[in-house]
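Below: query-v2.cif (mmCIF, C-alpha atoms and all ligand atoms)
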```cif
data_work
loop_
_atom_site.label_atom_id
_atom_site.label_comp_id
_atom_site.auth_asym_id
_atom_site.auth_seq_id
_atom_site.Cartn_x
_atom_site.Cartn_y
_atom_site.Cartn_z
CA MET A 27 90.25 98.87 87.59
CA GLN A 28 90.45 101.21 84.61
CA ILE A 29 93.56 102.85 83.14
CA LEU A 30 93.65 105.75 80.68
CA VAL A 31 96.55 105.55 78.23
CA SER A 32 97.93 108.34 76.07
CA ASN A 33 101.23 109.28 74.44
CA ASP A 34 102.88 111.93 72.28
CA ASP A 35 104.12 109.70 69.43
CA GLY A 36 100.56 109.29 68.20
CA ILE A 37 97.87 106.62 68.29
CA LYS A 38 99.62 104.52 65.64
CA SER A 39 102.81 104.07 67.67
CA PRO A 40 103.51 100.35 68.22
CA TRP A 41 105.13 101.33 71.51
CA LEU A 42 101.79 102.66 72.76
CA TRP A 43 100.09 99.38 71.82
CA ALA A 44 102.85 97.27 73.43
CA LEU A 45 102.04 99.15 76.65
CA VAL A 46 98.28 98.75 76.21
CA LYS A 47 98.70 95.00 75.68
CA GLU A 48 100.47 94.62 79.04
CA LEU A 49 98.13 96.95 80.93
CA LYS A 50 95.12 95.04 79.58
CA GLN A 51 96.33 92.06 81.63
CA ILE A 52 95.70 93.99 84.84
CA ALA A 53 92.91 96.46 84.05
CA ASP A 54 90.35 97.77 81.61
CA VAL A 55 92.07 100.20 79.27
CA VAL A 56 90.81 103.23 77.41
CA VAL A 57 93.16 104.94 74.97
CA SER A 58 92.98 108.61 74.02
CA ALA A 59 95.96 109.78 72.02
CA PRO A 60 96.90 112.34 69.38
CA ASP A 61 96.20 111.36 65.76
CA GLY A 62 99.87 111.87 64.85
CA GLU A 63 103.33 112.67 66.12
CA ARG A 64 103.30 115.43 68.78
CA SER A 65 106.69 114.95 70.47
CA ALA A 66 108.33 117.88 72.28
CA ILE A 67 105.04 119.74 72.54
CA GLY A 68 105.19 119.79 76.34
CA THR A 69 102.06 120.80 78.19
CA ALA A 70 100.43 122.63 75.24
CA VAL A 71 96.63 122.69 75.16
CA THR A 72 94.39 123.73 72.27
CA LEU A 73 92.20 126.65 73.30
CA ARG A 74 91.57 128.64 70.13
CA GLN A 75 90.23 125.97 67.84
CA THR A 76 87.85 123.04 67.96
CA LEU A 77 88.97 119.47 68.50
CA ARG A 78 87.72 116.41 66.62
CA VAL A 79 87.66 112.92 68.06
CA ASN A 80 87.44 109.60 66.20
CA GLU A 81 86.83 106.24 67.78
CA VAL A 82 89.37 103.95 66.12
CA VAL A 83 89.79 100.20 65.83
CA PRO A 84 92.08 99.19 68.70
CA GLU A 85 95.17 97.08 68.04
CA VAL A 86 94.48 95.23 71.29
CA PRO A 87 91.04 93.58 71.50
CA GLY A 88 88.66 94.78 74.18
CA VAL A 89 90.11 98.27 74.39
CA ILE A 90 88.24 101.47 73.55
CA ALA A 91 90.48 103.86 71.60
CA TYR A 92 90.06 107.48 70.57
CA SER A 93 92.21 109.52 68.25
CA VAL A 94 92.27 113.28 68.89
CA ASP A 95 93.46 115.93 66.44
CA GLY A 96 95.17 117.87 69.23
CA THR A 97 98.00 117.62 71.70
CA PRO A 98 98.70 114.84 74.24
CA SER A 99 97.32 117.12 76.97
CA ASP A 100 94.13 117.68 74.92
CA ALA A 101 93.70 113.92 74.54
CA VAL A 102 93.95 113.33 78.30
CA ILE A 103 91.73 116.28 79.26
CA LEU A 104 89.07 115.16 76.76
CA ALA A 105 89.19 111.57 77.97
CA LEU A 106 88.92 112.49 81.65
CA GLY A 107 86.22 115.08 81.03
CA LYS A 108 84.10 113.40 78.39
CA LEU A 109 85.21 110.27 76.58
CA ALA A 110 85.97 107.75 79.32
CA HIS A 111 83.08 106.11 81.14
CA GLY A 112 83.48 104.94 84.72
CA LYS A 113 86.20 105.70 87.23
CA ILE A 114 89.77 106.12 86.01
CA ASP A 115 92.31 104.75 88.50
CA LEU A 116 95.50 105.77 86.73
CA VAL A 117 96.72 107.80 83.75
CA VAL A 118 99.67 106.30 81.89
CA SER A 119 101.54 108.03 79.06
CA GLY A 120 103.94 106.24 76.74
CA ILE A 121 105.84 104.28 75.95
CA ASN A 122 107.78 107.13 74.43
CA GLN A 123 110.32 106.13 71.83
CA ASP A 124 113.31 107.67 73.58
CA LEU A 125 114.20 108.96 77.00
CA ASN A 126 112.67 111.91 78.82
CA LEU A 127 115.29 112.82 81.39
CA GLY A 128 116.19 115.90 83.40
CA GLU A 129 114.89 119.15 81.96
CA ASP A 130 113.62 117.33 78.87
CA THR A 131 110.59 116.58 81.03
CA HIS A 132 109.53 120.24 80.66
CA ILE A 133 109.13 119.96 76.90
CA SER A 134 108.09 116.32 76.75
CA GLY A 135 104.57 115.66 75.47
CA THR A 136 104.76 112.26 77.14
CA VAL A 137 105.28 113.85 80.55
CA GLY A 138 102.81 116.63 79.61
CA ALA A 139 100.03 114.11 79.02
CA ALA A 140 100.60 112.39 82.38
CA LEU A 141 100.80 115.80 84.08
CA GLN A 142 97.21 116.58 83.04
CA GLY A 143 96.07 113.48 84.91
CA TYR A 144 98.12 114.37 87.98
CA LEU A 145 96.84 117.96 88.04
CA ARG A 146 93.27 116.62 88.02
CA GLY A 147 93.93 114.38 91.03
CA PHE A 148 94.64 111.10 89.23
CA PRO A 149 97.75 109.03 89.89
CA ALA A 150 99.96 109.37 86.82
CA LEU A 151 102.84 107.53 85.17
CA ALA A 152 104.98 108.64 82.23
CA VAL A 153 107.09 105.91 80.61
CA SER A 154 109.94 106.40 78.16
CA MET A 155 112.50 103.98 76.81
CA GLU A 156 115.93 104.58 75.42
CA PHE A 157 116.06 104.09 71.65
CA ARG A 158 119.54 102.83 70.89
CA ASN A 159 120.06 99.10 70.60
CA GLY A 160 116.69 98.16 69.14
CA GLN A 161 115.39 95.96 71.97
CA GLY A 162 111.86 97.15 71.31
CA PRO A 163 109.24 98.02 73.90
CA VAL A 164 108.12 94.59 75.12
CA SER A 165 110.12 94.38 78.36
CA ALA A 166 109.57 98.11 79.00
CA ALA A 167 105.83 97.52 78.68
CA ARG A 168 106.00 94.75 81.26
CA ILE A 169 108.00 96.96 83.62
CA ALA A 170 105.48 99.78 83.12
CA ALA A 171 102.59 97.42 83.93
CA LEU A 172 104.31 96.25 87.13
CA ILE A 173 104.81 99.86 88.24
CA ALA A 174 101.22 100.73 87.25
CA LYS A 175 99.96 97.85 89.38
CA GLY A 176 102.12 99.05 92.28
CA ILE A 177 100.67 102.56 92.03
CA VAL A 178 97.06 101.43 91.88
CA GLU A 179 97.51 99.02 94.78
CA ALA A 180 99.28 101.63 96.93
CA PRO A 181 97.25 102.83 99.89
CA ALA A 182 95.44 106.12 99.38
CA GLU A 183 98.05 108.81 99.85
CA PRO A 184 98.85 112.13 98.24
CA ASN A 185 98.77 111.69 94.52
CA LEU A 186 101.68 109.99 92.81
CA PHE A 187 103.26 111.13 89.57
CA LEU A 188 106.19 109.01 88.43
CA ASN A 189 108.41 109.64 85.42
CA VAL A 190 109.97 106.31 84.47
CA ASN A 191 112.85 105.85 82.02
CA ILE A 192 114.05 102.44 80.92
CA PRO A 193 117.44 101.60 79.38
CA ASP A 194 117.54 99.85 75.99
CA ARG A 195 118.98 96.51 77.06
CA PRO A 196 117.59 93.05 77.78
CA GLN A 197 115.86 92.78 81.13
CA THR A 198 118.51 90.34 82.33
CA GLU A 199 121.19 92.95 81.68
CA MET A 200 119.47 95.72 83.63
CA ARG A 201 121.28 96.58 86.84
CA GLY A 202 118.25 97.49 88.88
CA ALA A 203 115.77 100.27 89.56
CA LEU A 204 116.57 103.52 91.33
CA ILE A 205 114.40 106.26 92.77
CA THR A 206 115.95 109.41 91.33
CA ARG A 207 115.61 113.16 90.92
CA LEU A 208 115.69 115.07 87.66
CA ALA A 209 119.18 115.96 86.47
CA HIS A 210 120.01 119.45 85.34
CA ARG A 211 120.49 119.13 81.62
CA SER A 212 119.86 121.55 78.83
CA HIS A 213 117.75 120.05 76.09
CA ILE A 214 118.38 122.46 73.23
CA ASN A 215 121.88 123.68 73.82
CA THR A 216 122.88 125.34 70.61
CA VAL A 217 121.47 127.24 67.63
CA GLU A 218 122.87 126.76 64.15
CA GLU A 219 122.43 129.12 61.23
CA GLY A 220 122.19 128.32 57.57
CA ASN A 221 121.10 129.84 54.28
CA ASP A 222 119.15 127.91 51.66
CA GLY A 223 118.98 130.60 48.99
CA ARG A 224 115.57 131.76 50.21
CA GLY A 225 117.16 133.40 53.18
CA LYS A 226 118.61 132.70 56.54
CA TYR A 227 117.22 129.93 58.71
CA TYR A 228 117.97 128.62 62.16
CA CYS A 229 118.05 125.14 63.66
CA LEU A 230 117.71 124.35 67.34
CA VAL A 231 120.18 121.55 67.89
CA ARG A 232 119.65 118.92 70.54
CA GLN A 233 122.78 117.55 72.11
CA MET A 234 123.44 115.27 75.04
CA THR A 235 125.19 117.49 77.52
CA ASN A 236 126.26 117.38 81.09
CA ASN A 237 126.78 113.66 81.43
CA ALA A 238 128.84 114.22 84.58
CA VAL A 239 125.73 114.16 86.72
CA ALA A 240 125.18 113.28 90.36
CA GLU A 241 124.53 109.66 91.24
CA ASP A 242 121.01 110.31 92.50
CA THR A 243 119.78 111.63 89.15
CA ASP A 244 117.72 110.04 86.40
CA VAL A 245 120.46 110.60 83.79
CA TRP A 246 123.01 108.73 85.94
CA ALA A 247 120.61 105.86 86.64
CA VAL A 248 119.77 105.15 82.99
CA THR A 249 123.33 105.75 81.75
CA HIS A 250 124.42 103.04 84.19
CA GLY A 251 121.81 100.53 83.08
CA ASN A 252 119.12 101.13 85.71
CA ILE A 253 115.41 101.76 85.44
CA SER A 254 114.93 105.32 86.69
CA ILE A 255 111.83 106.17 88.74
CA THR A 256 111.50 109.91 89.36
CA PRO A 257 108.71 111.27 91.52
CA ILE A 258 107.46 114.57 90.11
CA TYR A 259 105.44 117.01 92.16
CA THR A 260 104.31 120.55 91.76
CA SER A 261 104.56 121.98 95.24
CA PHE A 262 105.64 121.33 98.83
CA HIS A 263 102.02 120.53 99.60
CA ARG A 264 102.13 117.57 97.23
CA ARG A 265 105.44 116.01 98.18
CA PRO A 266 105.62 112.44 96.97
CA PRO A 267 105.07 109.66 99.48
CA LEU A 268 108.60 108.27 99.34
CA ARG A 269 107.83 105.16 101.36
CA THR A 270 105.18 104.16 98.84
CA ILE A 271 107.56 104.70 95.93
CA GLU A 272 110.21 102.62 97.71
CA ARG A 273 107.67 99.82 98.13
CA ILE A 274 106.81 100.01 94.40
CA CYS A 275 110.51 100.00 93.48
CA ASP A 276 111.27 97.02 95.77
CA GLY A 277 108.28 95.12 94.38
CA LEU A 278 109.47 95.77 90.83
CA LEU A 279 112.99 94.52 91.59
CA LYS A 280 111.54 91.36 93.13
CA GLU A 281 109.28 90.69 90.13
CA LEU A 282 112.17 91.24 87.71
CA GLY A 283 114.56 89.15 89.77
CA LEU A 284 117.00 92.05 90.08
CA MET A 285 119.15 93.01 93.05
CA LYS A 286 118.77 96.35 94.76
CA PRO A 287 121.61 98.40 93.25
CA GLN A 288 124.23 99.64 95.68
CA PRO A 289 124.85 102.36 96.52
CA ALA A 290 121.22 103.30 96.03
CA LYS A 291 120.86 106.93 96.88
CA THR A 292 117.35 108.21 97.33
CA VAL A 293 115.63 111.46 96.60
CA SER A 294 117.24 114.26 98.59
CA ARG A 295 114.89 116.01 100.95
MN MN B 301 107.61 111.25 71.66
#
```
Translate this file's structure into structure tokens.
Ligand code: MN
Amino acid sequence: MQILVSNDDGIKSPWLWALVKELKQIADVVVSAPDGERSAIGTAVTLRQTLRVNEVVPEVPGVIAYSVDGTPSDAVILALGKLAHGKIDLVVSGINQDLNLGEDTHISGTVGAALQGYLRGFPALAVSMEFRNGQGPVSAARIAALIAKGIVEAPAEPNLFLNVNIPDRPQTEMRGALITRLAHRSHINTVEEGNDGRGKYYCLVRQMTNNAVAEDTDVWAVTHGNISITPIYTSFHRRPPLRTIERICDGLLKELGLMKPQPAKTVSR
């Protein structure tokens, strides 16, 4: 089994390497990630300039790692098209250092990287963790590896693309895992003006809004201490196989020794 790993926080992110370390326990891993921070770059691809790739010394032994001077999407497209040898069974992006919930997913480079795998017919997983209490990515990495294993072992079905968000609390204090849908939430919800003497400037200000969300959403799940698993799909022809996702979610709860949260509402159809 071989897993391609990318992210949008850059190849030096310790959260990426925490994920790689766990995934290495279950598969061969090849890393292709941007050479620096590319958060909030969404699905951007580089078309009007050349890209350079460097093979770098991996922080986890036995892993092949490439640094790309482009976007997260570029890194995944390059890896799938050129850099990776042998069959790729899954594309994983993360662990992002902070959540990617609701409409944030449309500007997230973490989700963007996984999307490139999904669009090319590979199962894909985007993983983000809340950055609040300083737990660090170790338990999130383990959770991501359990879900990755569940996806790869799932019977061949329409392609899966899961966006997973993990609360920043010890594993023992997590309530459970819920299959959710994206909440409606505006990412950039205000514009501020200023003047620095050289003229007027503007700032796009990010604020948490719309916390009064429905109980079947990703925002609700994480706010209430649950791991959120959101199937993402691009058309009615690629609806997610819900039974498979439920099996993955149940398996994860069992491995973590967590109860199935009640009431556990599922994706509305
Ligand atoms: Mn990021």
Taking all atoms listed in the file into account, report as a compact mmCIF listing (two decimals) with C-alpha atoms, keeping the file's coordinate frame which residues have an atom no farther than 6 Å from an atom of ligand MN 301 (chain B).
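File produced: selection_27.txt:
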```txt
# COMPACT_ATOMS: atom_id res chain seq x y z
CA ASP A 34 102.88 111.93 72.28
CA ASP A 35 104.12 109.70 69.43
CA SER A 65 106.69 114.95 70.47
CA ASN A 122 107.78 107.13 74.43
CA GLN A 123 110.32 106.13 71.83
```
Sel. within 10 Å of pt (91.1, 111.2, 70.0), counting all atoms listed in the file, output as number ranges by chain: A: 32, 36-37, 57-61, 77-82, 91-98, 100-102, 104-105, 109
Using all atoms listed in the file, list the residues that have an atom at most 9 Å from (105.3, 120.9, 74.5), coordinates as in the file, as a short mmCIF file (atom, residue, chain, number, x, y, z; two decimals) with C-alpha atoms, in the frame of the given file.
```cif
data_model
loop_
_atom_site.label_atom_id
_atom_site.label_comp_id
_atom_site.auth_asym_id
_atom_site.auth_seq_id
_atom_site.Cartn_x
_atom_site.Cartn_y
_atom_site.Cartn_z
CA ARG A 64 103.30 115.43 68.78
CA SER A 65 106.69 114.95 70.47
CA ALA A 66 108.33 117.88 72.28
CA ILE A 67 105.04 119.74 72.54
CA GLY A 68 105.19 119.79 76.34
CA THR A 69 102.06 120.80 78.19
CA ALA A 70 100.43 122.63 75.24
CA VAL A 71 96.63 122.69 75.16
CA THR A 97 98.00 117.62 71.70
CA PRO A 98 98.70 114.84 74.24
CA HIS A 132 109.53 120.24 80.66
CA ILE A 133 109.13 119.96 76.90
CA SER A 134 108.09 116.32 76.75
CA GLY A 135 104.57 115.66 75.47
CA GLY A 138 102.81 116.63 79.61
#
```
Computed interatomic separation between atom CA of Pro181 of chain A and atom CA of Gly147 of chain A (Å): 14.9 Å
Among listed residues A:Gly225, A:Glu272, A:Pro84, A:Ala170, nearest Trp43 of chain A (using all atoms listed in the file): A:Pro84
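Between atom CA of Val178 of chain A and atom CA of Val55 of chain A the interatomic distance comes to 13.6 Å.
Distance-wise, atom CA of Glu219 of chain A and atom CA of Glu129 of chain A end up 24.2 Å apart.
Nearest residue to Val86 of chain A, choosing from A:His111, A:Leu106, A:Asp54, A:Thr72 and counting only C-alpha atoms: A:Asp54.
Across A:Pro287, A:Gly160, A:Pro257, A:Pro266, the tightest approach to Glu241 of chain A is made by A:Pro287 when counting only C-alpha atoms.
Using all atoms listed in the file, the nearest neighbour of Leu45 of chain A within the list A:Pro163, A:Gly128, A:Gly112, A:Gly88 is A:Pro163.
Here the question is which of A:Val117, A:Asp242, A:Gly107, A:His250 gets nearest to Lys175 of chain A using only C-alpha atoms, and that residue is A:Val117.
Among the candidates A:Arg265, A:Asp276, A:Thr206, A:Ile121, the one nearest to Pro40 of chain A when counting only C-alpha atoms is A:Ile121.
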Neighbour list for Ala44 of chain A as a list in words, cut-off 10 Å, all atoms listed in the file, skip fewer than 6 positions in-chain: Glu85, Val86, Gly120, Ile121, Gly162, Pro163, Val164, Ser165, Ala166, Ala167 and Arg168 of chain A
